[in-house]
Amino acid sequence: MTAPVVYANYGLPADYAQLTARGVDVRGKIVIARYGRSHRAVKLYTAEQAGALGLIIYSDPADDGFARGDTWPRGFWRTSEQLQRGNAKYSWFWHGDALTPGAPALANASRLDPATAPTLPRIPAAVLSWGEARRILERLDGDTVPPAFKGALPISYRFGGRAVRVHLRVQMDAGLRTIRDVIARVPGAQRPDRGVLLGTHHDAWTFGGVDPGSGTATLLEVARGLGALRRAGWRPQRTISFAFWDAEEFGLIGSTEFAEHRQRELRDGTVCYINTDLYTAGRLDAGGVPSLRDFLVDVARDVPDTVGSMYDLWRADEWSRQTAERRARPMSDFEVELKALGSGADFVPFQDFLGLPTLSIELNATTRTTTPAGSPSTWPTPALSAARSSRACSAPSRCDSANRRCCPSVFHTMLNASPTTRWRRLGGRSARTAGRQ
């Protein structure tokens with residue numbers, strides 16, 4: 001399709017209201033909007049409801065580029081050539097296979113008509129890097145946008161919608177494909193019918209993607225450690241399972257279909273589900289049900305880091321994010337809480353469909369606008385300074401050989417503790433705090 005193009009800021013309802021107030025009509029036009037402040041599916045749905053013919057989404061450097069910090073390879077932020085892929089299904093209806101809601105997508109499953117399936121968009125969309133998007137944005141005519149619409153490109157941002165036209169052509173393979181979940185188990189010695197399920201996904205939008213490459217590497221290392229223990233004769237009280245889901249990036253398909261197919265078995269036998277996708281040298285980003293909060297705090301306190309324990313750094317980071325009013329009061333009575341899990345990762349079918357206790361444990365460096373120079377022990381954060389200790393690493397042979405910094409993993413302590421201490425936590429404490437024996 002070829003049509004005039006309109007710039008709609010983040011492509012959210014409030015942005016379209018601004019366009020309407022200024023007499024800019026997107027009906028019959030192609031909208032270009034920047035990533036940020038919502039899932040891309042919200043941007044696509046809003047454009048569709050507004051009458052747009054199609055949508056282009058790009059990463060503006062104000063949100064993901066040089067304006068935020070060092071770009072790749074020195075930092076985390078995107079360069080002019082890098083784009084962000086992702087699915088844009090309307091997953092507020094349901095996750096998993098778009099054509100088999102609530103039922104496993106087996107070969108003989110009854111399927112919806114793709115033309116009427118609620119989760120599938122009705123207009124085409126494509127993503128661009130900011131370098132390519134700039135070639136469109138710098139040519140737009142019309143009125144200059146208000147300050148809230150301006151990104152970080154050295155151009156005059158305008159609404160467009162008049163002379164400048166773009167051609168949008170999207171080719172997709174919408175056929176059925178076989179997906180493969182990979183499941184491994186360490187059978188429990190006393191309660192093999194009860195277990196803990198650790199999960200990540202094995203598909204990625206590009207080779208070398210940190211999501212899920214870093215999480216997959218972490219889970220494989222845990223599996224390697226348990227395999228060594230198993231060969232030495234150790235067995236956990238309950239079964240420990242590892243799941244590597246397929247087609248997560250297409251809408252949590254592998255995990256959702258697995259949960260739909262084995263829902264009775266999982267509801268009856270799963271103590272908790274723990275998900276991880278990102279493991280980078282950053283802050284502990286943990287969420288989950290309140291009943292597992294104390295369990296995770298206990299584990300984090302046992303994991304050494306460069307300054308005290310992982311819990312010390314987690315608490316200091318969370319403290320730095322409190323309001324000025326809260327930080328004016330003493331930190332002594334401040335306790336971290338698990339964030340509520342929303343959507344967007346493989347914990348969704350286990351929490352929202354099966355109703356199981358769930359955790360999401362990640363280490364995420366990209367939540368900071370930039371990475372301070374030096375090691376974490378030199379970062380200028382008062383709360384971190386207060387958390388410093390001389391605690392030595394309990395397992396230097398497993399740490400980074402260059403700086404003897406402990407591996408930033410909440411499973412680190414599990415791998416270095418005695419077998420009894422190691423899995424008494426996952427096999428016992430988590431079951432009690434979750435109320436599931």
# chains A, B, ... in the order shown; residues from 1 in each chain; ligands from 1
$ residues_around --residues "A:Leu363" --least-positions-apart "2" --cutoff "8 Å" --atoms "only C-alpha atoms" --output "list in words"
Leu278, Tyr279, Thr280, Ala281, Gly282, Arg283, Leu284, Asp285, Ile361, Ala365 and Pro408 of chain A
$ closest_residue --among "A:Gly86, A:Gly51, A:Pro101, A:Gly36" --to "A:Ala247" --atoms "only C-alpha atoms"
A:Gly86
$ closest_residue --among "A:Ala109, A:Ala217, A:Gly23, A:Cys272" --to "A:Gly355" --atoms "only C-alpha atoms"
A:Cys272
$ closest_atom_pairs --of "stretch 119-214 of chain A" --to "stretch 231-245 of chain A" --cutoff "6 Å" --atoms "only C-alpha atoms" --output "JSON lines"
{"residue": "A:Asp181", "atom": "CA", "partner": "A:Trp245", "partner_atom": "CA", "distance": 4.7}
{"residue": "A:Val182", "atom": "CA", "partner": "A:Phe244", "partner_atom": "CA", "distance": 5.0}
{"residue": "A:Ile183", "atom": "CA", "partner": "A:Ala243", "partner_atom": "CA", "distance": 4.6}
{"residue": "A:Ala184", "atom": "CA", "partner": "A:Phe242", "partner_atom": "CA", "distance": 5.1}
{"residue": "A:Arg185", "atom": "CA", "partner": "A:Ser241", "partner_atom": "CA", "distance": 4.2}
{"residue": "A:Val186", "atom": "CA", "partner": "A:Ile240", "partner_atom": "CA", "distance": 5.2}
{"residue": "A:Pro187", "atom": "CA", "partner": "A:Thr239", "partner_atom": "CA", "distance": 4.5}
{"residue": "A:Gly188", "atom": "CA", "partner": "A:Thr239", "partner_atom": "CA", "distance": 3.9}
{"residue": "A:Ala189", "atom": "CA", "partner": "A:Gln237", "partner_atom": "CA", "distance": 5.0}
{"residue": "A:Gln190", "atom": "CA", "partner": "A:Gln237", "partner_atom": "CA", "distance": 5.0}
{"residue": "A:Arg191", "atom": "CA", "partner": "A:Arg238", "partner_atom": "CA", "distance": 4.8}
{"residue": "A:Pro192", "atom": "CA", "partner": "A:Thr239", "partner_atom": "CA", "distance": 5.1}
{"residue": "A:Arg194", "atom": "CA", "partner": "A:Arg238", "partner_atom": "CA", "distance": 5.6}
{"residue": "A:Gly195", "atom": "CA", "partner": "A:Thr239", "partner_atom": "CA", "distance": 4.3}
{"residue": "A:Val196", "atom": "CA", "partner": "A:Ile240", "partner_atom": "CA", "distance": 5.1}
{"residue": "A:Leu197", "atom": "CA", "partner": "A:Ser241", "partner_atom": "CA", "distance": 4.8}
{"residue": "A:Leu198", "atom": "CA", "partner": "A:Phe242", "partner_atom": "CA", "distance": 4.9}
{"residue": "A:Gly199", "atom": "CA", "partner": "A:Ala243", "partner_atom": "CA", "distance": 4.6}
{"residue": "A:Thr200", "atom": "CA", "partner": "A:Phe244", "partner_atom": "CA", "distance": 5.2}
{"residue": "A:His201", "atom": "CA", "partner": "A:Trp245", "partner_atom": "CA", "distance": 4.1}
{"residue": "A:His202", "atom": "CA", "partner": "A:Phe244", "partner_atom": "CA", "distance": 5.6}
$ residues_around --residues "A:Ala105" --least-positions-apart "2" --cutoff "10 Å" --atoms "only C-alpha atoms" --output "list in words"
Gly96, Asp97, Ala98, Leu99, Thr100, Pro101, Gly102, Ala103, Ala107, Asn108, Ala109, Ser110, Arg111, Thr178, Ile253, Gly254, Thr256, Glu257, Phe258, Glu260 and His261 of chain A
$ decode --residues "stretch 61-160 of chain A" --atoms "C-alpha atoms" --output "PDB file, in the first residue's frame"
ATOM      1  CA  PRO A  61      17.261   7.603  20.263  1.00  0.00           C
ATOM      2  CA  ALA A  62      15.429   9.599  22.956  1.00  0.00           C
ATOM      3  CA  ASP A  63      14.059   6.290  24.238  1.00  0.00           C
ATOM      4  CA  ASP A  64      16.594   3.754  22.973  1.00  0.00           C
ATOM      5  CA  GLY A  65      19.759   5.267  21.558  1.00  0.00           C
ATOM      6  CA  PHE A  66      22.550   7.763  22.040  1.00  0.00           C
ATOM      7  CA  ALA A  67      20.416  10.073  24.186  1.00  0.00           C
ATOM      8  CA  ARG A  68      20.170   7.375  26.859  1.00  0.00           C
ATOM      9  CA  GLY A  69      23.815   6.348  27.044  1.00  0.00           C
ATOM     10  CA  ASP A  70      26.506   4.456  25.183  1.00  0.00           C
ATOM     11  CA  THR A  71      25.278   2.538  22.150  1.00  0.00           C
ATOM     12  CA  TRP A  72      26.322  -0.931  21.105  1.00  0.00           C
ATOM     13  CA  PRO A  73      28.999  -2.269  21.435  1.00  0.00           C
ATOM     14  CA  ARG A  74      30.071   0.034  24.305  1.00  0.00           C
ATOM     15  CA  GLY A  75      26.616   0.147  25.874  1.00  0.00           C
ATOM     16  CA  PHE A  76      23.124  -1.299  25.798  1.00  0.00           C
ATOM     17  CA  TRP A  77      21.382   1.216  23.585  1.00  0.00           C
ATOM     18  CA  ARG A  78      20.593   0.873  19.892  1.00  0.00           C
ATOM     19  CA  THR A  79      22.604   2.360  17.053  1.00  0.00           C
ATOM     20  CA  SER A  80      21.150   3.899  13.895  1.00  0.00           C
ATOM     21  CA  GLU A  81      21.123   0.485  12.207  1.00  0.00           C
ATOM     22  CA  GLN A  82      19.470  -1.590  14.935  1.00  0.00           C
ATOM     23  CA  LEU A  83      15.757  -2.252  15.152  1.00  0.00           C
ATOM     24  CA  GLN A  84      13.494  -3.936  17.690  1.00  0.00           C
ATOM     25  CA  ARG A  85      11.549  -6.957  16.556  1.00  0.00           C
ATOM     26  CA  GLY A  86       8.531  -8.340  18.380  1.00  0.00           C
ATOM     27  CA  ASN A  87       5.052  -9.759  18.011  1.00  0.00           C
ATOM     28  CA  ALA A  88       2.021  -7.481  18.097  1.00  0.00           C
ATOM     29  CA  LYS A  89      -0.790  -9.899  18.792  1.00  0.00           C
ATOM     30  CA  TYR A  90      -3.674  -8.551  20.838  1.00  0.00           C
ATOM     31  CA  SER A  91      -2.800 -10.791  23.752  1.00  0.00           C
ATOM     32  CA  TRP A  92      -5.225  -9.148  26.166  1.00  0.00           C
ATOM     33  CA  PHE A  93      -7.718 -11.630  24.681  1.00  0.00           C
ATOM     34  CA  TRP A  94      -5.487 -14.674  25.265  1.00  0.00           C
ATOM     35  CA  HIS A  95      -1.893 -15.856  24.966  1.00  0.00           C
ATOM     36  CA  GLY A  96      -0.556 -18.799  23.047  1.00  0.00           C
ATOM     37  CA  ASP A  97      -1.738 -20.034  19.670  1.00  0.00           C
ATOM     38  CA  ALA A  98      -4.025 -17.411  18.179  1.00  0.00           C
ATOM     39  CA  LEU A  99      -6.392 -19.993  16.737  1.00  0.00           C
ATOM     40  CA  THR A 100      -6.860 -22.420  19.670  1.00  0.00           C
ATOM     41  CA  PRO A 101      -7.845 -20.406  22.771  1.00  0.00           C
ATOM     42  CA  GLY A 102      -7.949 -22.478  25.957  1.00  0.00           C
ATOM     43  CA  ALA A 103      -7.027 -25.717  24.201  1.00  0.00           C
ATOM     44  CA  PRO A 104      -3.701 -27.256  23.142  1.00  0.00           C
ATOM     45  CA  ALA A 105      -2.762 -26.618  19.517  1.00  0.00           C
ATOM     46  CA  LEU A 106      -2.462 -30.268  18.564  1.00  0.00           C
ATOM     47  CA  ALA A 107      -2.559 -31.487  14.971  1.00  0.00           C
ATOM     48  CA  ASN A 108      -6.255 -32.370  15.181  1.00  0.00           C
ATOM     49  CA  ALA A 109      -7.315 -29.278  17.156  1.00  0.00           C
ATOM     50  CA  SER A 110     -10.318 -27.223  16.110  1.00  0.00           C
ATOM     51  CA  ARG A 111      -9.075 -23.821  14.934  1.00  0.00           C
ATOM     52  CA  LEU A 112     -10.585 -20.375  14.506  1.00  0.00           C
ATOM     53  CA  ASP A 113     -10.698 -18.611  11.159  1.00  0.00           C
ATOM     54  CA  PRO A 114      -7.613 -16.334  11.054  1.00  0.00           C
ATOM     55  CA  ALA A 115      -9.732 -13.642   9.397  1.00  0.00           C
ATOM     56  CA  THR A 116     -11.868 -13.286  12.520  1.00  0.00           C
ATOM     57  CA  ALA A 117      -9.507 -14.395  15.325  1.00  0.00           C
ATOM     58  CA  PRO A 118      -9.619 -11.568  17.925  1.00  0.00           C
ATOM     59  CA  THR A 119      -5.889 -11.612  18.718  1.00  0.00           C
ATOM     60  CA  LEU A 120      -4.730 -11.041  15.122  1.00  0.00           C
ATOM     61  CA  PRO A 121      -4.327  -7.448  13.825  1.00  0.00           C
ATOM     62  CA  ARG A 122      -6.232  -6.310  10.752  1.00  0.00           C
ATOM     63  CA  ILE A 123      -3.662  -3.838   9.409  1.00  0.00           C
ATOM     64  CA  PRO A 124      -0.005  -4.436   8.473  1.00  0.00           C
ATOM     65  CA  ALA A 125       2.907  -3.190  10.566  1.00  0.00           C
ATOM     66  CA  ALA A 126       6.674  -3.002  10.176  1.00  0.00           C
ATOM     67  CA  VAL A 127       9.594  -1.887  12.352  1.00  0.00           C
ATOM     68  CA  LEU A 128      12.523   0.374  11.443  1.00  0.00           C
ATOM     69  CA  SER A 129      15.753   1.507  13.012  1.00  0.00           C
ATOM     70  CA  TRP A 130      15.951   5.210  13.778  1.00  0.00           C
ATOM     71  CA  GLY A 131      18.454   5.628  10.968  1.00  0.00           C
ATOM     72  CA  GLU A 132      15.887   4.446   8.416  1.00  0.00           C
ATOM     73  CA  ALA A 133      12.968   6.174  10.138  1.00  0.00           C
ATOM     74  CA  ARG A 134      14.850   9.470  10.001  1.00  0.00           C
ATOM     75  CA  ARG A 135      14.706   9.381   6.200  1.00  0.00           C
ATOM     76  CA  ILE A 136      10.910   9.570   6.515  1.00  0.00           C
ATOM     77  CA  LEU A 137      10.630  11.886   9.512  1.00  0.00           C
ATOM     78  CA  GLU A 138      12.987  14.590   8.207  1.00  0.00           C
ATOM     79  CA  ARG A 139      10.884  14.899   5.034  1.00  0.00           C
ATOM     80  CA  LEU A 140       7.509  15.313   6.742  1.00  0.00           C
ATOM     81  CA  ASP A 141       5.540  18.494   6.156  1.00  0.00           C
ATOM     82  CA  GLY A 142       2.745  20.011   8.190  1.00  0.00           C
ATOM     83  CA  ASP A 143       2.849  21.743  11.542  1.00  0.00           C
ATOM     84  CA  THR A 144       5.695  21.381  14.013  1.00  0.00           C
ATOM     85  CA  VAL A 145       4.874  18.968  16.820  1.00  0.00           C
ATOM     86  CA  PRO A 146       4.569  20.037  20.490  1.00  0.00           C
ATOM     87  CA  PRO A 147       7.557  19.457  22.799  1.00  0.00           C
ATOM     88  CA  ALA A 148       6.156  16.184  24.177  1.00  0.00           C
ATOM     89  CA  PHE A 149       6.203  14.717  20.660  1.00  0.00           C
ATOM     90  CA  LYS A 150       9.858  15.537  19.973  1.00  0.00           C
ATOM     91  CA  GLY A 151      12.491  12.823  20.001  1.00  0.00           C
ATOM     92  CA  ALA A 152      16.264  13.138  20.018  1.00  0.00           C
ATOM     93  CA  LEU A 153      16.941  13.203  16.266  1.00  0.00           C
ATOM     94  CA  PRO A 154      18.522  16.460  15.033  1.00  0.00           C
ATOM     95  CA  ILE A 155      15.529  17.244  12.827  1.00  0.00           C
ATOM     96  CA  SER A 156      12.356  19.296  12.961  1.00  0.00           C
ATOM     97  CA  TYR A 157       9.630  16.853  14.026  1.00  0.00           C
ATOM     98  CA  ARG A 158       6.398  17.508  12.112  1.00  0.00           C
ATOM     99  CA  PHE A 159       2.996  15.835  11.926  1.00  0.00           C
ATOM    100  CA  GLY A 160       3.056  15.189   8.166  1.00  0.00           C
TER     101      GLY A 160
END
